[in-house]
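Structure data (compact mmCIF, C-alpha atoms) from model.txt:
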```
# COMPACT_ATOMS: atom_id res chain seq x y z
CA MET A 20 0.00 0.00 0.00
CA ALA A 21 2.68 2.47 1.04
CA THR A 22 4.79 1.51 -1.98
CA VAL A 23 1.86 2.18 -4.30
CA ALA A 24 1.19 5.53 -2.62
CA LEU A 25 4.84 6.57 -2.84
CA GLY A 26 4.98 5.35 -6.43
CA GLY A 27 1.91 7.42 -7.26
CA ALA A 28 3.49 10.51 -5.71
CA ALA A 29 6.67 9.85 -7.71
CA VAL A 30 4.66 9.61 -10.94
CA VAL A 31 2.93 12.93 -10.20
CA LEU A 32 6.27 14.61 -9.46
CA ALA A 33 7.80 13.11 -12.60
CA GLY A 34 4.89 14.46 -14.64
CA GLN A 35 5.36 17.93 -13.15
CA PHE A 36 9.10 17.73 -13.84
CA GLY A 37 8.34 16.84 -17.48
CA ARG A 38 6.00 19.83 -17.84
CA LEU A 39 8.59 22.22 -16.44
CA LEU A 40 11.37 20.65 -18.50
CA ARG A 41 9.39 21.35 -21.68
CA ARG A 42 8.94 24.96 -20.54
CA ARG A 43 12.67 25.36 -19.96
CA GLN A 44 13.43 23.98 -23.40
CA HIS A 45 10.77 26.16 -25.02
CA GLU A 46 12.17 29.20 -23.19
CA ARG A 47 15.48 28.61 -24.93
CA ASP A 48 13.83 27.85 -28.28
CA GLY A 49 14.87 24.25 -27.94
CA GLY A 50 18.51 25.21 -28.27
CA GLU A 51 19.60 23.82 -24.94
CA ALA A 52 20.22 20.12 -24.59
CA LEU A 53 17.91 18.02 -22.46
CA VAL A 54 20.66 17.34 -19.92
CA GLY A 55 21.41 21.03 -19.62
CA ALA A 56 17.78 21.99 -18.97
CA ALA A 57 17.12 19.19 -16.48
CA PRO A 58 18.77 20.77 -13.38
CA ALA A 59 16.77 23.98 -13.79
CA ALA A 60 13.57 21.99 -14.30
CA ALA A 61 14.31 19.97 -11.16
CA LEU A 62 14.74 23.16 -9.13
CA ASP A 63 11.52 24.49 -10.66
CA THR A 64 9.70 21.33 -9.59
CA VAL A 65 10.92 21.68 -6.01
CA GLY A 66 9.93 25.35 -6.03
CA VAL A 67 6.44 24.57 -7.33
CA ALA A 68 5.99 21.85 -4.68
CA VAL A 69 7.10 24.15 -1.85
CA SER A 70 4.98 27.05 -3.10
CA GLY A 71 1.98 24.79 -3.52
CA TYR A 72 2.40 23.44 -0.01
CA GLU A 73 2.67 26.94 1.45
CA ALA A 74 -0.37 28.16 -0.50
CA THR A 75 -2.54 25.20 0.49
CA PRO A 76 -5.37 25.90 2.96
CA ARG A 77 -4.55 24.88 6.52
CA SER A 78 -7.13 22.10 6.71
CA GLU A 79 -5.59 20.41 3.66
CA VAL A 80 -2.07 20.81 5.04
CA VAL A 81 -3.06 19.09 8.29
CA LEU A 82 -4.68 16.19 6.42
CA PHE A 83 -1.69 15.92 4.06
CA ASN A 84 0.76 15.86 6.98
CA LEU A 85 -1.33 13.19 8.71
CA LEU A 86 -1.37 11.09 5.54
CA ALA A 87 2.36 11.55 4.93
CA GLY A 88 3.23 10.54 8.50
CA PHE A 89 0.81 7.61 8.39
CA LEU A 90 2.09 6.16 5.11
CA GLY A 91 5.73 6.83 5.96
CA ALA A 92 5.47 5.02 9.29
CA PHE A 93 3.51 2.15 7.76
CA ALA A 94 6.12 1.66 5.02
CA VAL A 95 9.12 1.80 7.36
CA VAL A 96 7.63 -0.50 10.00
CA ARG A 97 6.52 -3.09 7.42
CA VAL A 98 10.00 -3.17 5.88
CA SER A 99 11.70 -3.30 9.29
CA THR A 100 9.51 -6.13 10.63
CA TRP A 101 10.07 -8.08 7.44
CA GLY A 102 13.82 -7.50 7.79
CA ILE A 103 13.81 -8.58 11.45
CA ARG A 104 11.91 -11.74 10.55
CA ASP A 105 14.32 -12.60 7.71
CA ARG A 106 17.36 -11.49 9.79
CA TRP A 107 18.73 -8.85 7.40
CA TRP A 108 17.53 -5.75 9.30
CA PRO A 109 20.34 -4.21 11.40
CA PHE A 110 18.13 -3.94 14.50
CA GLU A 111 16.10 -6.44 16.49
CA ASN A 112 12.78 -6.39 18.32
CA VAL A 113 12.68 -4.06 21.31
CA ARG A 114 12.48 -5.98 24.59
CA VAL A 115 12.11 -4.62 28.11
CA GLY A 116 12.52 -7.11 30.94
CA GLY A 117 12.14 -9.98 28.50
CA ARG A 118 8.85 -8.62 27.15
CA HIS A 119 8.53 -7.77 23.46
CA ILE A 120 7.39 -4.16 23.06
CA HIS A 121 5.16 -4.06 19.98
CA HIS A 122 5.31 -0.92 17.87
CA PHE A 123 1.70 0.01 18.63
CA VAL A 124 2.94 1.04 22.12
CA PRO A 125 5.18 3.91 20.94
CA GLY A 126 2.57 4.57 18.24
CA ILE A 127 -0.19 5.22 20.77
CA LEU A 128 2.14 7.28 22.98
CA LEU A 129 3.30 9.37 20.01
CA ALA A 130 -0.25 10.01 18.77
CA PHE A 131 -1.45 10.93 22.27
CA ALA A 132 1.54 13.20 22.89
CA SER A 133 1.20 14.97 19.53
CA GLY A 134 -2.54 15.47 19.97
CA THR A 135 -2.09 16.81 23.49
CA ALA A 136 0.67 19.18 22.40
CA ALA A 137 -1.51 20.46 19.54
CA LEU A 138 -4.32 21.15 22.00
CA LEU A 139 -2.04 23.03 24.39
CA THR A 140 -0.33 25.27 21.85
CA ALA A 141 -1.76 28.39 20.25
CA ASP A 142 0.79 28.27 17.41
CA GLU A 143 -1.01 27.18 14.23
CA ALA A 144 2.24 26.47 12.38
CA LEU A 145 3.32 24.13 15.20
CA GLU A 146 -0.09 22.47 15.17
CA ASP A 147 0.29 21.79 11.45
CA ARG A 148 3.72 20.21 12.01
CA LEU A 149 2.42 18.10 14.89
CA ALA A 150 0.11 16.38 12.40
CA VAL A 151 3.16 14.51 11.05
CA PRO A 152 4.14 12.71 14.30
CA MET A 153 0.46 12.13 14.98
CA GLY A 154 0.18 10.43 11.59
CA VAL A 155 3.29 8.38 12.40
CA GLY A 156 1.70 7.27 15.67
CA MET A 157 -1.48 6.33 13.84
CA GLY A 158 0.48 4.35 11.27
CA LEU A 159 2.37 2.40 13.92
CA THR A 160 -0.87 1.65 15.76
CA PHE A 161 -2.96 0.69 12.73
CA ASP A 162 -0.21 -1.66 11.57
CA GLU A 163 -0.90 -3.82 14.62
CA ALA A 164 -4.67 -3.33 14.77
CA ALA A 165 -5.27 -7.07 14.33
CA LEU A 166 -3.12 -7.80 17.38
CA LEU A 167 -5.04 -5.25 19.44
CA LEU A 168 -8.38 -6.73 18.40
CA ASP A 169 -7.41 -10.40 18.90
CA LEU A 170 -5.13 -9.75 21.90
CA ARG A 171 -2.57 -12.16 20.45
CA ASP A 172 0.32 -11.86 18.02
CA VAL A 173 -1.26 -12.51 14.60
CA TYR A 174 1.02 -10.13 12.67
CA TRP A 175 2.25 -12.70 10.13
CA THR A 176 -0.88 -14.83 10.03
CA ARG A 177 -3.98 -14.66 7.85
CA GLU A 178 -5.78 -12.81 10.64
CA GLY A 179 -3.02 -10.21 10.54
CA LEU A 180 -4.26 -9.07 7.12
CA LEU A 181 -6.88 -7.11 9.03
CA SER A 182 -4.18 -4.58 9.95
CA ILE A 183 -3.43 -3.99 6.28
CA GLN A 184 -7.12 -3.73 5.43
CA LEU A 185 -7.71 -1.17 8.17
CA SER A 186 -4.64 0.81 7.11
CA LEU A 187 -5.91 0.83 3.52
CA GLY A 188 -9.24 2.10 4.79
CA ALA A 189 -7.61 4.86 6.85
CA THR A 190 -5.50 5.89 3.84
CA ALA A 191 -8.58 6.04 1.63
CA ILE A 192 -10.45 8.14 4.21
CA LEU A 193 -7.60 10.65 4.56
CA SER A 194 -7.12 10.82 0.79
CA ILE A 195 -10.79 11.40 0.01
CA ALA A 196 -10.95 14.01 2.78
CA ILE A 197 -8.11 15.94 1.12
CA LEU A 198 -9.73 15.72 -2.32
CA THR A 199 -13.13 16.72 -0.94
CA GLN A 200 -11.61 19.71 0.86
CA ARG A 201 -10.00 20.85 -2.39
CA MET A 202 -13.25 20.48 -4.32
CA LEU A 203 -15.25 22.38 -1.70
CA ARG A 204 -12.70 25.20 -1.48
CA ARG A 205 -12.73 25.66 -5.27
CA GLY A 206 -16.52 25.66 -5.27
CA GLU A 207 -16.54 28.20 -2.46
CA ARG A 208 -14.21 30.52 -4.38
CA ARG A 209 -16.35 30.29 -7.52
CA GLN A 210 -19.54 30.99 -5.61
CA GLU A 211 -17.91 33.99 -3.92
CA GLU A 212 -16.71 35.36 -7.26
CA ALA A 213 -20.23 34.93 -8.69
CA GLY A 214 -21.71 36.76 -5.69
CA GLN A 215 -23.85 33.76 -4.79
CA ILE A 216 -22.48 33.45 -1.26
CA PRO A 217 -21.11 36.18 1.07
CA PRO A 218 -17.35 36.59 1.40
CA PRO A 219 -15.64 35.19 4.50
CA GLU A 220 -15.74 37.30 7.61
CA LYS A 221 -12.59 39.37 8.11
CA HIS A 222 -11.24 39.37 11.64
CA GLY A 223 -9.81 42.61 12.92
CA ASN A 224 -6.77 43.01 15.11
```
Same coordinates, now as structure tokens:
Amino acid sequence: MATVALGGAAVVLAGQFGRLLRRRQHERDGGEALVGAAPAAALDTVGVAVSGYEATPRSEVVLFNLLAGFLGAFAVVRVSTWGIRDRWWPFENVRVGGRHIHHFVPGILLAFASGTAALLTADEALEDRLAVPMGVGMGLTFDEAALLLDLRDVYWTREGLLSIQLSLGATAILSIAILTQRMLRRGERRQEEAGQIPPPEKHGN
């Protein structure tokens, strides 16, 4: 799931890079070689991504950060557990007093801590950033949802597929929430421009 999501993001970025590469070549009337135009197009792509992120409404940024943290944690923990099982991962399972500490434990703690910190701060920029560790905590927890429901270690069994199914569901929910937010914001702007709805209230100092 995480691989597909990351692959999809890579395809989108590659498409944007191709668009900007064509612009760079057109700007120079095609006289510059492809290799020569590529570095500038790569910098343009990064600039567009950063500008787009900064211009995105706050609600979408929070959901994007949650999704990024969720998928990133899910991908890393799946690879690491596979590596530990096949004995090629450099680290081993965490044990305290002979007890195996499953990764849902730090996941729950991280999600709780991030959520609490976001509630206590009045800094919106910090709140937006806290969505990333909260997403990481959610990813670590969802990855062992089957264990939490069955109260036994079913990670590598058929029953353990429930964790993947729930993670897929959570990813779909976050993704559709982002897309719906974008659609609604565009519709809101169009309705405002057409004078069909009142403009947003402006808050004074």
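The gap separating atom CA of A:Thr199 from atom CA of A:Ser78 is 11.1 Å, in Å to one decimal.
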Given only C-alpha atoms as the basis, pick out the residue of A:Thr140, A:Ser194, A:Asp162, A:Gln35 nearest to A:Leu180.
A:Asp162
Compile the contact shell of stretch 185-188 of chain A as number ranges by chain: residues with an atom at most 8 Å away, counting only C-alpha atoms, same-chain residues fewer than 2 positions apart removed.
A: 20, 158, 161-162, 164, 181-183, 190-192
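Interatomic distance, atom CA of A:Leu149 to atom CA of A:Ser133: 5.7 Å.
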In Å and to one decimal, atom CA of A:Pro125 is distant from atom CA of A:Gly156 by 7.2 Å
Please identify all polymer residues within 8 Å of A:Ile197, counting all atoms listed in the file, omitting same-chain residues fewer than 2 positions from it, and present them as a ChimeraX atom specification.
/A:79,82-83,193-195,199-201
Keeping only C-alpha atoms, take the residues you just selected and write them out as a PDB file, in the frame of the given file.
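Dumped to out11.pdb:
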```
ATOM      1  CA  GLU A  79      -5.590  20.410   3.660  1.00  0.00           C
ATOM      2  CA  LEU A  82      -4.680  16.190   6.420  1.00  0.00           C
ATOM      3  CA  PHE A  83      -1.690  15.920   4.060  1.00  0.00           C
ATOM      4  CA  LEU A 193      -7.600  10.650   4.560  1.00  0.00           C
ATOM      5  CA  SER A 194      -7.120  10.820   0.790  1.00  0.00           C
ATOM      6  CA  ILE A 195     -10.790  11.400   0.010  1.00  0.00           C
ATOM      7  CA  THR A 199     -13.130  16.720  -0.940  1.00  0.00           C
ATOM      8  CA  GLN A 200     -11.610  19.710   0.860  1.00  0.00           C
ATOM      9  CA  ARG A 201     -10.000  20.850  -2.390  1.00  0.00           C
TER      10      ARG A 201
END
```
